[in-house]
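Participant: Sharing a structure below in structure tokens format, with a few things to ask.
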Amino acid sequence: MQAKPLALKILDITAVLLFAVGAYMALVYAPTEAVMGQVQRVFYFHVATAWVALLGFIAAGVTGVIYLVTKNMKWDIVEVAAVEISLVFFFITIVLGSIWARPIWNTWWTWDPRLTTAAVTELIYIAYFMLRQGIEDPDRRARFGAVYTLVGAVSAPITFFAIRLFRTIHPVVIGSPSAEAQGGFSMTADMRTAFFFNLFAFTVIFVSFFWNRIRMGQMQARVEQLKLKVMQ
Amino acid sequence: MSDRPVTANSKRLSTVQDPPSANFARAVWAVVQKDLAAEFRSRELLSAMLVFAILVILIFNFALELDIKVRQSVTAGVLWTTFAFAGTLGLNRSMAVEKDRGCLDGLLLAPVDRAAIYFGKVISNLAFMMIVEAIVLPVYSFLYNINLFDPGLLLVILLGSIGYTAVGTLLASMAVQARTRDVLLPILLFPVAIPVLLASVKASGGFLSGAELTEIMPSLNLLIVYDVIFLSLAFMVFDSVVEE
Amino acid sequence: MIETRKLVKRFGMKAVLRGVDFRVEQGEFVALLGPNGAGKTTFLRILASLSRPSLGEVKVAGHSLPHQAAAVRARLGVVSHLPLLYGDLTAEENLQFYARMYNIPNYAPRITEVLQMVGLENRRRDLVRTFSRGMQQRLAIGRAVLHDPEVVLFDEPYTGLDQDASAMLDEVLRSVAARGRTVVMTSHDLARAEDLATRFDILSRGVIAASASRADLGKQNLLSFYKQALAG
């Protein structure tokens, strides 16, 4: 078993440090927002995790296409890694969003395009794993997984537009349909620094997670291989 | 017992060369005809879809207390929920028939483009869905005394059903090859079919309430975009779903 | 007519075929024997263009797989242990459907000819689901030779047949082979294979372990040859 590459070790440590600094900037350094108060600080993580989830979503779709073209199993490992990370981060985004929405919108949940699309994407990911679980042959599992991520990657943006369309005739219960309209605010310079720093920090965290997860996938494949060797 | 001898010089049966497009169309049509002939004989799939659709409407009737006021606003939603549920039933069954006796292998062994098999199945699944819709609409009209015969609504139903079966046929051909195939299709299909269902409900509701066409156009456009995108996507990836 | 070189097929990490070198001349009837799990069905599915080889060359009827699959498919008939027939169609309708898929012009006389050959002419208008297992299997053979293929592959054609049905199938198989066609058949049933085939190849642990023509076999019986090959 090859040791963890040095670059990955450095990346892991950097990610942890960046996360600590990012948390400091979001929770202490950034000024308290005048209208919303402390709960606004959730925003820094909320957007950063959503960004990471989106990165994972795009990575999954792209690797799905690459797999279908090359039929190389290593892209399947990358795809699973991307879907898993995106699944977790979308979930965190939704939870953080709800924590913020409860005092600001006075509700945990609203059927806003962004929220709904995030939730639907989570359902697509869950369906993805259920599909994979039902198939024994690894090649077929990889092919079907790639096809389904592709279908999901195409349908999620259309879902976003469809809900926007739908909302325009429905009575809007809480203020206006978009987040900016209620609970929006303009960022001060310090806030902007904290915001962009967190965006950067979470991008590094994403890369670190992604790399580690791909490595884990490769090790799992290696274990399978060794198991077969022993059995023969 | 007679069978023609194979010799080096014997004229082969399949020597007629047609342009590829004619071959493609013939294969699509052969699949459609085969499905319709089998279904009109057994009527297993259509009767299951129909009975299920009527039951869904019955349940909605009591769950939503469909009185006149409520009816106006929820008719489109009730109809599309019914079509979607009945549709998954039909899609699953139609692909399971291919898988069970190895017929899918039989189709794949034929020297035709795989996309022809896909389009053949889409057309027959669409036909089944439209037949069910053609029966459910008058039944609903009769039960609730609502006139549903609006050409606009029929267009929406056509466009929505095309999108639904386009993506449904692709996903059903994956689902029937999985161990958990009985439960898998709706889980795979519903999250990615949300745009088509939303746009269909919105457009149907618009036509039923006599809204301006400009108000309905965005939904119709979205339906057309969805249909085109998913038909072409499935056209490109269907090979990967059926071939090993 | 059929040639494979260093054919390898893996499912995920597991290698089912590990370098199969196999050659069949025109007009040969080869019985492919071997224990369960030796990879007979996988091998036949690759020859039938239903499965892609992981490595190695495959040539059937002068065309290589998987790139010239369409050309191979037009010259190939396959009978598997599943009937590949639609239960809700009549025998005739099933053949009509496949005739159209294979683009056979004026197929009506050919269908009659094939139904006569497999002895189902008076059941042509009956639904296939009312057929016994043996009748379904004979119709499946009719379906496979409908387009007059140069190469016919049989995968365990005797599965689930009783003595009478097997005897009838023997006759049909003989008439299929007697016309100069190239036939490959997998089977467990050594006695039946011994009667029909002109050559016996034994597939064991993913390779051809032994091969002998009827002449080579001489007085030695097939069973002892088979046991010897598996032991060695």
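Ordering of the structure tokens sets the chain letters (A, B, ...), residue numbers begin anew at 1 in every chain, and ligands are numbered from 1 in the order given.
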Using only C-alpha atoms, what table do you get, as JSON lines, when you list each residue of chain B with an atom no more than 8 Å from chain A, its nearest pair of atoms, and their distance in Å rounded to one decimal, rows by chain then rising number?
Facilitator:
```
{"residue": "B:Met174", "atom": "CA", "partner": "A:Phe144", "partner_atom": "CA", "distance": 6.8}
{"residue": "B:Ala175", "atom": "CA", "partner": "A:Leu131", "partner_atom": "CA", "distance": 7.5}
{"residue": "B:Gln177", "atom": "CA", "partner": "A:Ile135", "partner_atom": "CA", "distance": 7.7}
{"residue": "B:Ala178", "atom": "CA", "partner": "A:Gly134", "partner_atom": "CA", "distance": 5.0}
{"residue": "B:Arg179", "atom": "CA", "partner": "A:Gly134", "partner_atom": "CA", "distance": 4.8}
{"residue": "B:Thr180", "atom": "CA", "partner": "A:Gly134", "partner_atom": "CA", "distance": 5.4}
{"residue": "B:Arg181", "atom": "CA", "partner": "A:Gly134", "partner_atom": "CA", "distance": 7.9}
{"residue": "B:Leu184", "atom": "CA", "partner": "A:Leu131", "partner_atom": "CA", "distance": 7.1}
{"residue": "B:Ile187", "atom": "CA", "partner": "A:Ala127", "partner_atom": "CA", "distance": 5.9}
{"residue": "B:Leu188", "atom": "CA", "partner": "A:Ala127", "partner_atom": "CA", "distance": 5.5}
{"residue": "B:Pro191", "atom": "CA", "partner": "A:Ile124", "partner_atom": "CA", "distance": 5.8}
{"residue": "B:Val192", "atom": "CA", "partner": "A:Ser155", "partner_atom": "CA", "distance": 5.6}
{"residue": "B:Ala193", "atom": "CA", "partner": "A:Ser155", "partner_atom": "CA", "distance": 7.7}
{"residue": "B:Ile194", "atom": "CA", "partner": "A:Thr159", "partner_atom": "CA", "distance": 6.4}
{"residue": "B:Pro195", "atom": "CA", "partner": "A:Thr159", "partner_atom": "CA", "distance": 4.7}
{"residue": "B:Leu198", "atom": "CA", "partner": "A:Ala162", "partner_atom": "CA", "distance": 6.5}
{"residue": "B:Ala199", "atom": "CA", "partner": "A:Ala162", "partner_atom": "CA", "distance": 6.3}
{"residue": "B:Lys202", "atom": "CA", "partner": "A:Phe166", "partner_atom": "CA", "distance": 6.6}
{"residue": "B:Pro218", "atom": "CA", "partner": "A:Leu165", "partner_atom": "CA", "distance": 7.4}
{"residue": "B:Ser219", "atom": "CA", "partner": "A:Leu165", "partner_atom": "CA", "distance": 7.3}
{"residue": "B:Leu222", "atom": "CA", "partner": "A:Ala162", "partner_atom": "CA", "distance": 7.4}
{"residue": "B:Tyr226", "atom": "CA", "partner": "A:Ile158", "partner_atom": "CA", "distance": 7.7}
{"residue": "B:Leu233", "atom": "CA", "partner": "A:Val151", "partner_atom": "CA", "distance": 7.9}
{"residue": "B:Val237", "atom": "CA", "partner": "A:Val147", "partner_atom": "CA", "distance": 6.8}
{"residue": "B:Ser240", "atom": "CA", "partner": "A:Arg143", "partner_atom": "CA", "distance": 6.4}
{"residue": "B:Val241", "atom": "CA", "partner": "A:Phe144", "partner_atom": "CA", "distance": 6.4}
{"residue": "B:Glu244", "atom": "CA", "partner": "A:Arg140", "partner_atom": "CA", "distance": 7.1}
```
Participant: Counting only C-alpha atoms, which residues of chain C come no farther than 7 Å from chain B, as number ranges by chain?
Facilitator: C: 50-52, 70, 73-74, 82-85, 88-89, 97, 100-104, 113, 116-117, 147-148, 179-181
Participant: Restricted to C-alpha atoms, what would the selected residues look like written as a CSV table (one decimal), in the first residue's frame?
Facilitator:
```
chain,number,residue,atom,x,y,z
C,50,LEU,CA,-23.8,-9.1,-26.8
C,51,SER,CA,-20.8,-8.5,-24.5
C,52,ARG,CA,-17.6,-6.6,-25.2
C,70,ALA,CA,-23.7,-4.9,-37.3
C,73,ARG,CA,-25.1,-9.7,-36.4
C,74,ALA,CA,-26.5,-10.1,-39.9
C,82,LEU,CA,-34.0,-18.2,-22.7
C,83,PRO,CA,-36.4,-18.3,-25.6
C,84,LEU,CA,-36.1,-14.7,-26.8
C,85,LEU,CA,-39.7,-14.9,-27.9
C,88,ASP,CA,-48.3,-12.7,-26.3
C,89,LEU,CA,-47.5,-13.1,-30.0
C,97,PHE,CA,-41.2,-9.4,-36.1
C,100,ARG,CA,-38.4,-7.3,-40.2
C,101,MET,CA,-35.7,-6.6,-37.7
C,102,TYR,CA,-33.3,-8.5,-39.9
C,103,ASN,CA,-34.7,-6.8,-43.0
C,104,ILE,CA,-35.6,-10.0,-44.9
C,113,GLU,CA,-40.1,-23.0,-44.5
C,116,GLN,CA,-41.8,-26.7,-41.3
C,117,MET,CA,-38.2,-27.3,-40.4
C,147,HIS,CA,-32.1,-15.0,-41.8
C,148,ASP,CA,-30.0,-17.9,-42.9
C,179,ARG,CA,-26.3,-27.2,-44.4
C,180,GLY,CA,-22.6,-26.3,-44.1
C,181,ARG,CA,-23.2,-23.9,-41.3
```
Participant: List every residue of range 77-199 of chain A that DSSP, applied to the backbone, labels as alpha helix (DSSP H), and write the result as an mmCIF file with N, CA and C atoms, in the first residue's frame.
Facilitator:
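New file result_1.cif:
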```
data_model
loop_
_atom_site.group_PDB
_atom_site.id
_atom_site.type_symbol
_atom_site.label_atom_id
_atom_site.label_comp_id
_atom_site.auth_asym_id
_atom_site.auth_seq_id
_atom_site.Cartn_x
_atom_site.Cartn_y
_atom_site.Cartn_z
ATOM 1 N N ILE A 77 -14.736 5.879 -10.103
ATOM 2 C CA ILE A 77 -14.339 6.175 -8.728
ATOM 3 C C ILE A 77 -14.434 7.679 -8.468
ATOM 4 N N VAL A 78 -13.971 8.472 -9.438
ATOM 5 C CA VAL A 78 -14.022 9.930 -9.294
ATOM 6 C C VAL A 78 -15.474 10.399 -9.212
ATOM 7 N N GLU A 79 -16.315 9.801 -10.049
ATOM 8 C CA GLU A 79 -17.720 10.206 -10.090
ATOM 9 C C GLU A 79 -18.412 9.946 -8.750
ATOM 10 N N VAL A 80 -18.189 8.749 -8.201
ATOM 11 C CA VAL A 80 -18.800 8.427 -6.907
ATOM 12 C C VAL A 80 -18.324 9.414 -5.847
ATOM 13 N N ALA A 81 -17.018 9.736 -5.874
ATOM 14 C CA ALA A 81 -16.468 10.689 -4.912
ATOM 15 C C ALA A 81 -17.179 12.034 -5.030
ATOM 16 N N ALA A 82 -17.342 12.516 -6.259
ATOM 17 C CA ALA A 82 -17.974 13.821 -6.482
ATOM 18 C C ALA A 82 -19.420 13.807 -5.993
ATOM 19 N N VAL A 83 -20.149 12.740 -6.307
ATOM 20 C CA VAL A 83 -21.560 12.672 -5.903
ATOM 21 C C VAL A 83 -21.666 12.651 -4.385
ATOM 22 N N GLU A 84 -20.815 11.862 -3.733
ATOM 23 C CA GLU A 84 -20.892 11.749 -2.281
ATOM 24 C C GLU A 84 -20.627 13.087 -1.599
ATOM 25 N N ILE A 85 -19.581 13.777 -2.050
ATOM 26 C CA ILE A 85 -19.239 15.061 -1.441
ATOM 27 C C ILE A 85 -20.355 16.074 -1.684
ATOM 28 N N SER A 86 -20.859 16.092 -2.911
ATOM 29 C CA SER A 86 -21.923 17.027 -3.247
ATOM 30 C C SER A 86 -23.171 16.749 -2.413
ATOM 31 N N LEU A 87 -23.472 15.463 -2.218
ATOM 32 C CA LEU A 87 -24.637 15.064 -1.417
ATOM 33 C C LEU A 87 -24.527 15.629 -0.008
ATOM 34 N N VAL A 88 -23.354 15.451 0.614
ATOM 35 C CA VAL A 88 -23.168 15.902 1.990
ATOM 36 C C VAL A 88 -23.226 17.430 2.068
ATOM 37 N N PHE A 89 -22.561 18.104 1.142
ATOM 38 C CA PHE A 89 -22.507 19.563 1.231
ATOM 39 C C PHE A 89 -23.856 20.213 0.908
ATOM 40 N N PHE A 90 -24.605 19.637 -0.026
ATOM 41 C CA PHE A 90 -25.952 20.183 -0.266
ATOM 42 C C PHE A 90 -26.797 20.045 0.996
ATOM 43 N N PHE A 91 -26.609 18.921 1.686
ATOM 44 C CA PHE A 91 -27.372 18.706 2.913
ATOM 45 C C PHE A 91 -27.021 19.770 3.949
ATOM 46 N N ILE A 92 -25.704 20.022 4.122
ATOM 47 C CA ILE A 92 -25.275 21.054 5.079
ATOM 48 C C ILE A 92 -25.840 22.411 4.669
ATOM 49 N N THR A 93 -25.796 22.690 3.364
ATOM 50 C CA THR A 93 -26.318 23.960 2.870
ATOM 51 C C THR A 93 -27.783 24.129 3.241
ATOM 52 N N ILE A 94 -28.553 23.061 3.033
ATOM 53 C CA ILE A 94 -29.985 23.146 3.309
ATOM 54 C C ILE A 94 -30.224 23.360 4.802
ATOM 55 N N VAL A 95 -29.478 22.628 5.638
ATOM 56 C CA VAL A 95 -29.651 22.772 7.086
ATOM 57 C C VAL A 95 -29.287 24.191 7.525
ATOM 58 N N LEU A 96 -28.130 24.683 7.062
ATOM 59 C CA LEU A 96 -27.714 26.038 7.430
ATOM 60 C C LEU A 96 -28.737 27.063 6.951
ATOM 61 N N GLY A 97 -29.230 26.857 5.736
ATOM 62 C CA GLY A 97 -30.230 27.775 5.178
ATOM 63 C C GLY A 97 -31.484 27.813 6.041
ATOM 64 N N SER A 98 -31.896 26.637 6.518
ATOM 65 C CA SER A 98 -33.093 26.583 7.351
ATOM 66 C C SER A 98 -32.881 27.314 8.672
ATOM 67 N N ILE A 99 -31.672 27.147 9.237
ATOM 68 C CA ILE A 99 -31.366 27.822 10.497
ATOM 69 C C ILE A 99 -31.481 29.341 10.324
ATOM 70 N N TRP A 100 -31.028 29.799 9.169
ATOM 71 C CA TRP A 100 -31.087 31.234 8.877
ATOM 72 C C TRP A 100 -32.530 31.662 8.576
ATOM 73 N N ALA A 101 -33.240 30.807 7.850
ATOM 74 C CA ALA A 101 -34.575 31.182 7.371
ATOM 75 C C ALA A 101 -35.587 31.267 8.507
ATOM 76 N N ARG A 102 -35.381 30.437 9.554
ATOM 77 C CA ARG A 102 -36.373 30.400 10.641
ATOM 78 C C ARG A 102 -36.607 31.796 11.224
ATOM 79 N N PRO A 103 -35.569 32.523 11.693
ATOM 80 C CA PRO A 103 -35.836 33.876 12.203
ATOM 81 C C PRO A 103 -36.110 34.916 11.104
ATOM 82 N N ILE A 104 -35.501 34.760 9.925
ATOM 83 C CA ILE A 104 -35.597 35.825 8.924
ATOM 84 C C ILE A 104 -36.883 35.722 8.111
ATOM 85 N N PRO A 113 -37.177 28.418 -5.672
ATOM 86 C CA PRO A 113 -36.466 27.631 -6.694
ATOM 87 C C PRO A 113 -35.152 27.041 -6.198
ATOM 88 N N ARG A 114 -34.377 27.861 -5.482
ATOM 89 C CA ARG A 114 -33.078 27.368 -5.037
ATOM 90 C C ARG A 114 -33.217 26.223 -4.045
ATOM 91 N N LEU A 115 -34.056 26.435 -3.049
ATOM 92 C CA LEU A 115 -34.251 25.392 -2.029
ATOM 93 C C LEU A 115 -34.774 24.105 -2.664
ATOM 94 N N THR A 116 -35.791 24.277 -3.508
ATOM 95 C CA THR A 116 -36.407 23.093 -4.094
ATOM 96 C C THR A 116 -35.424 22.359 -4.994
ATOM 97 N N THR A 117 -34.669 23.122 -5.789
ATOM 98 C CA THR A 117 -33.706 22.463 -6.668
ATOM 99 C C THR A 117 -32.663 21.708 -5.855
ATOM 100 N N ALA A 118 -32.208 22.322 -4.749
ATOM 101 C CA ALA A 118 -31.233 21.633 -3.897
ATOM 102 C C ALA A 118 -31.835 20.341 -3.361
ATOM 103 N N ALA A 119 -33.089 20.412 -2.923
ATOM 104 C CA ALA A 119 -33.739 19.219 -2.375
ATOM 105 C C ALA A 119 -33.913 18.148 -3.449
ATOM 106 N N VAL A 120 -34.322 18.574 -4.643
ATOM 107 C CA VAL A 120 -34.504 17.611 -5.732
ATOM 108 C C VAL A 120 -33.165 16.971 -6.102
ATOM 109 N N THR A 121 -32.103 17.783 -6.097
ATOM 110 C CA THR A 121 -30.777 17.241 -6.398
ATOM 111 C C THR A 121 -30.386 16.180 -5.368
ATOM 112 N N GLU A 122 -30.710 16.444 -4.097
ATOM 113 C CA GLU A 122 -30.442 15.437 -3.067
ATOM 114 C C GLU A 122 -31.184 14.136 -3.385
ATOM 115 N N LEU A 123 -32.438 14.269 -3.827
ATOM 116 C CA LEU A 123 -33.219 13.070 -4.165
ATOM 117 C C LEU A 123 -32.600 12.328 -5.346
ATOM 118 N N ILE A 124 -32.081 13.091 -6.314
ATOM 119 C CA ILE A 124 -31.424 12.465 -7.467
ATOM 120 C C ILE A 124 -30.200 11.675 -6.994
ATOM 121 N N TYR A 125 -29.441 12.272 -6.066
ATOM 122 C CA TYR A 125 -28.257 11.584 -5.549
ATOM 123 C C TYR A 125 -28.635 10.311 -4.808
ATOM 124 N N ILE A 126 -29.695 10.397 -4.011
ATOM 125 C CA ILE A 126 -30.118 9.206 -3.269
ATOM 126 C C ILE A 126 -30.546 8.116 -4.257
ATOM 127 N N ALA A 127 -31.302 8.523 -5.282
ATOM 128 C CA ALA A 127 -31.713 7.570 -6.313
ATOM 129 C C ALA A 127 -30.481 6.959 -6.979
ATOM 130 N N TYR A 128 -29.465 7.783 -7.188
ATOM 131 C CA TYR A 128 -28.207 7.323 -7.796
ATOM 132 C C TYR A 128 -27.609 6.178 -6.986
ATOM 133 N N PHE A 129 -27.553 6.364 -5.663
ATOM 134 C CA PHE A 129 -26.947 5.310 -4.849
ATOM 135 C C PHE A 129 -27.840 4.072 -4.780
ATOM 136 N N MET A 130 -29.160 4.274 -4.804
ATOM 137 C CA MET A 130 -30.048 3.113 -4.806
ATOM 138 C C MET A 130 -29.906 2.320 -6.100
ATOM 139 N N LEU A 131 -29.746 3.032 -7.197
ATOM 140 C CA LEU A 131 -29.542 2.361 -8.483
ATOM 141 C C LEU A 131 -28.261 1.535 -8.447
ATOM 142 N N ARG A 132 -27.185 2.144 -7.954
ATOM 143 C CA ARG A 132 -25.904 1.441 -7.917
ATOM 144 C C ARG A 132 -25.974 0.206 -7.035
ATOM 145 N N GLN A 133 -26.722 0.345 -5.925
ATOM 146 C CA GLN A 133 -26.798 -0.763 -4.986
ATOM 147 C C GLN A 133 -27.479 -1.987 -5.599
ATOM 148 N N PRO A 138 -19.808 -4.716 -11.807
ATOM 149 C CA PRO A 138 -19.221 -3.387 -11.613
ATOM 150 C C PRO A 138 -19.238 -2.515 -12.879
ATOM 151 N N ASP A 139 -19.051 -3.124 -14.047
ATOM 152 C CA ASP A 139 -19.052 -2.327 -15.274
ATOM 153 C C ASP A 139 -20.430 -1.741 -15.535
ATOM 154 N N ARG A 140 -21.437 -2.590 -15.377
ATOM 155 C CA ARG A 140 -22.794 -2.109 -15.612
ATOM 156 C C ARG A 140 -23.164 -1.044 -14.586
ATOM 157 N N ARG A 141 -22.743 -1.276 -13.323
ATOM 158 C CA ARG A 141 -23.015 -0.302 -12.271
ATOM 159 C C ARG A 141 -22.418 1.047 -12.640
ATOM 160 N N ALA A 142 -21.196 1.018 -13.150
ATOM 161 C CA ALA A 142 -20.530 2.265 -13.519
ATOM 162 C C ALA A 142 -21.238 2.935 -14.695
ATOM 163 N N ARG A 143 -21.638 2.128 -15.688
ATOM 164 C CA ARG A 143 -22.315 2.709 -16.858
ATOM 165 C C ARG A 143 -23.634 3.354 -16.454
ATOM 166 N N PHE A 144 -24.434 2.609 -15.675
ATOM 167 C CA PHE A 144 -25.739 3.142 -15.285
ATOM 168 C C PHE A 144 -25.560 4.382 -14.405
ATOM 169 N N GLY A 145 -24.577 4.324 -13.509
ATOM 170 C CA GLY A 145 -24.312 5.484 -12.660
ATOM 171 C C GLY A 145 -23.986 6.698 -13.500
ATOM 172 N N ALA A 146 -23.138 6.513 -14.493
ATOM 173 C CA ALA A 146 -22.735 7.637 -15.342
ATOM 174 C C ALA A 146 -23.931 8.180 -16.118
ATOM 175 N N VAL A 147 -24.750 7.285 -16.657
ATOM 176 C CA VAL A 147 -25.931 7.740 -17.410
ATOM 177 C C VAL A 147 -26.854 8.529 -16.486
ATOM 178 N N TYR A 148 -27.037 8.011 -15.266
ATOM 179 C CA TYR A 148 -27.980 8.690 -14.376
ATOM 180 C C TYR A 148 -27.436 10.046 -13.894
ATOM 181 N N THR A 149 -26.150 10.147 -13.616
ATOM 182 C CA THR A 149 -25.620 11.468 -13.228
ATOM 183 C C THR A 149 -25.796 12.441 -14.380
ATOM 184 N N LEU A 150 -25.623 11.942 -15.587
ATOM 185 C CA LEU A 150 -25.785 12.810 -16.754
ATOM 186 C C LEU A 150 -27.233 13.300 -16.857
ATOM 187 N N VAL A 151 -28.171 12.365 -16.717
ATOM 188 C CA VAL A 151 -29.591 12.743 -16.760
ATOM 189 C C VAL A 151 -29.892 13.749 -15.641
ATOM 190 N N GLY A 152 -29.362 13.482 -14.445
ATOM 191 C CA GLY A 152 -29.575 14.391 -13.321
ATOM 192 C C GLY A 152 -28.955 15.752 -13.565
ATOM 193 N N ALA A 153 -27.745 15.756 -14.101
ATOM 194 C CA ALA A 153 -27.041 17.021 -14.332
ATOM 195 C C ALA A 153 -27.781 17.880 -15.348
ATOM 196 N N VAL A 154 -28.452 17.236 -16.304
ATOM 197 C CA VAL A 154 -29.205 18.009 -17.298
ATOM 198 C C VAL A 154 -30.538 18.464 -16.718
ATOM 199 N N SER A 155 -31.160 17.604 -15.901
ATOM 200 C CA SER A 155 -32.512 17.937 -15.458
ATOM 201 C C SER A 155 -32.530 18.954 -14.315
ATOM 202 N N ALA A 156 -31.495 18.960 -13.447
ATOM 203 C CA ALA A 156 -31.533 19.863 -12.290
ATOM 204 C C ALA A 156 -31.638 21.344 -12.694
ATOM 205 N N PRO A 157 -30.836 21.831 -13.659
ATOM 206 C CA PRO A 157 -31.008 23.236 -14.067
ATOM 207 C C PRO A 157 -32.391 23.512 -14.654
ATOM 208 N N ILE A 158 -32.929 22.515 -15.404
ATOM 209 C CA ILE A 158 -34.267 22.724 -15.979
ATOM 210 C C ILE A 158 -35.292 22.797 -14.844
ATOM 211 N N THR A 159 -35.086 21.981 -13.811
ATOM 212 C CA THR A 159 -35.977 22.039 -12.653
ATOM 213 C C THR A 159 -35.989 23.440 -12.062
ATOM 214 N N PHE A 160 -34.788 24.016 -11.939
ATOM 215 C CA PHE A 160 -34.668 25.370 -11.389
ATOM 216 C C PHE A 160 -35.534 26.353 -12.176
ATOM 217 N N PHE A 161 -35.424 26.303 -13.497
ATOM 218 C CA PHE A 161 -36.211 27.222 -14.326
ATOM 219 C C PHE A 161 -37.698 26.917 -14.229
ATOM 220 N N ALA A 162 -38.027 25.617 -14.181
ATOM 221 C CA ALA A 162 -39.439 25.231 -14.126
ATOM 222 C C ALA A 162 -40.089 25.771 -12.861
ATOM 223 N N ILE A 163 -39.353 25.724 -11.737
ATOM 224 C CA ILE A 163 -39.948 26.198 -10.492
ATOM 225 C C ILE A 163 -40.096 27.717 -10.520
ATOM 226 N N ARG A 164 -39.114 28.388 -11.081
ATOM 227 C CA ARG A 164 -39.211 29.846 -11.228
ATOM 228 C C ARG A 164 -40.467 30.223 -11.990
ATOM 229 N N LEU A 165 -40.704 29.443 -13.047
ATOM 230 C CA LEU A 165 -41.871 29.662 -13.886
ATOM 231 C C LEU A 165 -43.144 29.474 -13.072
ATOM 232 N N PHE A 166 -43.120 28.398 -12.285
ATOM 233 C CA PHE A 166 -44.286 28.010 -11.534
ATOM 234 C C PHE A 166 -44.629 29.053 -10.483
ATOM 235 N N ARG A 167 -43.601 29.565 -9.832
ATOM 236 C CA ARG A 167 -43.797 30.521 -8.755
ATOM 237 C C ARG A 167 -44.457 31.807 -9.232
ATOM 238 N N THR A 168 -44.262 32.164 -10.502
ATOM 239 C CA THR A 168 -44.754 33.463 -10.937
ATOM 240 C C THR A 168 -46.267 33.546 -10.921
ATOM 241 N N ILE A 169 -46.995 32.424 -11.111
ATOM 242 C CA ILE A 169 -48.447 32.568 -11.014
ATOM 243 C C ILE A 169 -48.942 32.302 -9.602
ATOM 244 N N ALA A 189 -17.072 46.069 3.540
ATOM 245 C CA ALA A 189 -15.775 45.572 3.055
ATOM 246 C C ALA A 189 -15.313 44.370 3.878
ATOM 247 N N ASP A 190 -15.476 44.446 5.229
ATOM 248 C CA ASP A 190 -15.039 43.341 6.092
ATOM 249 C C ASP A 190 -15.844 42.081 5.828
ATOM 250 N N MET A 191 -17.122 42.301 5.643
ATOM 251 C CA MET A 191 -17.974 41.147 5.337
ATOM 252 C C MET A 191 -17.526 40.489 4.044
ATOM 253 N N ARG A 192 -17.223 41.330 3.062
ATOM 254 C CA ARG A 192 -16.828 40.799 1.768
ATOM 255 C C ARG A 192 -15.535 39.990 1.908
ATOM 256 N N THR A 193 -14.597 40.495 2.701
ATOM 257 C CA THR A 193 -13.346 39.764 2.925
ATOM 258 C C THR A 193 -13.645 38.393 3.526
ATOM 259 N N ALA A 194 -14.462 38.395 4.581
ATOM 260 C CA ALA A 194 -14.800 37.129 5.248
ATOM 261 C C ALA A 194 -15.483 36.185 4.272
ATOM 262 N N PHE A 195 -16.367 36.742 3.444
ATOM 263 C CA PHE A 195 -17.127 35.940 2.492
ATOM 264 C C PHE A 195 -16.213 35.271 1.476
ATOM 265 N N PHE A 196 -15.352 36.095 0.852
ATOM 266 C CA PHE A 196 -14.498 35.517 -0.186
ATOM 267 C C PHE A 196 -13.447 34.598 0.406
ATOM 268 N N PHE A 197 -13.002 34.906 1.635
ATOM 269 C CA PHE A 197 -12.034 34.013 2.263
ATOM 270 C C PHE A 197 -12.663 32.645 2.490
ATOM 271 N N ASN A 198 -13.898 32.636 2.960
ATOM 272 C CA ASN A 198 -14.568 31.354 3.205
ATOM 273 C C ASN A 198 -14.816 30.577 1.915
ATOM 274 N N LEU A 199 -15.148 31.334 0.875
ATOM 275 C CA LEU A 199 -15.340 30.686 -0.418
ATOM 276 C C LEU A 199 -14.057 29.970 -0.837
#
```
Participant: Quick check: residues of chain C within 7 Å of chain A, only C-alpha atoms, returned as number ranges by chain.
Facilitator: C: 11-14
Participant: Hey, which of C:Asp155, C:Asp126, C:Glu28, C:Glu92 ends up closest to Arg214 in chain C? Count only C-alpha atoms.
Facilitator: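 For Arg214 in chain C, the nearest of the given residues is C:Glu28.
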Participant: Determine the nearest neighbour of Phe29 in chain C from the options C:Met1, C:Ala229, C:Glu57, C:Lys9, counting only C-alpha atoms.
Facilitator: C:Met1
Participant: For Ala7 in chain A, list every protein, DNA or RNA residue within 12 Å, evaluated using only C-alpha atoms, and leave out those in the same chain fewer than 4 positions away; present the list as a count of residues only.
Facilitator: 9
Participant: Enumerate, as a count of residues only, the complete set of residues in range 148-184 of chain C that a backbone-based DSSP assignment places in strand (DSSP E or B).
Facilitator: 8
Participant: By how many Å are CA of Thr81 in chain B and CA of Ala172 in chain B apart?
Facilitator: 18.5 Å
Participant: Considering only C-alpha atoms, return as number ranges by chain whatever protein or nucleic-acid residues lie within 9 Å of Leu190 in chain C, sequence-local ones (same chain, fewer than 3 positions apart) excluded.
Facilitator: C: 33, 187, 193-195, 222-223, 226
Participant: Go ahead and compute the interatomic distance for CA of Ser54 in chain C and CA of Pro157 in chain C, in Å to one decimal.
Facilitator: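 It comes out at 26.5 Å.
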Participant: For Gln2 in chain A, find every residue with an atom within 12 Å (counting only C-alpha atoms), except residues of its own chain fewer than 4 positions away, and show them as a ChimeraX atom specification.
Facilitator: /A:6,215-216,218-219,222
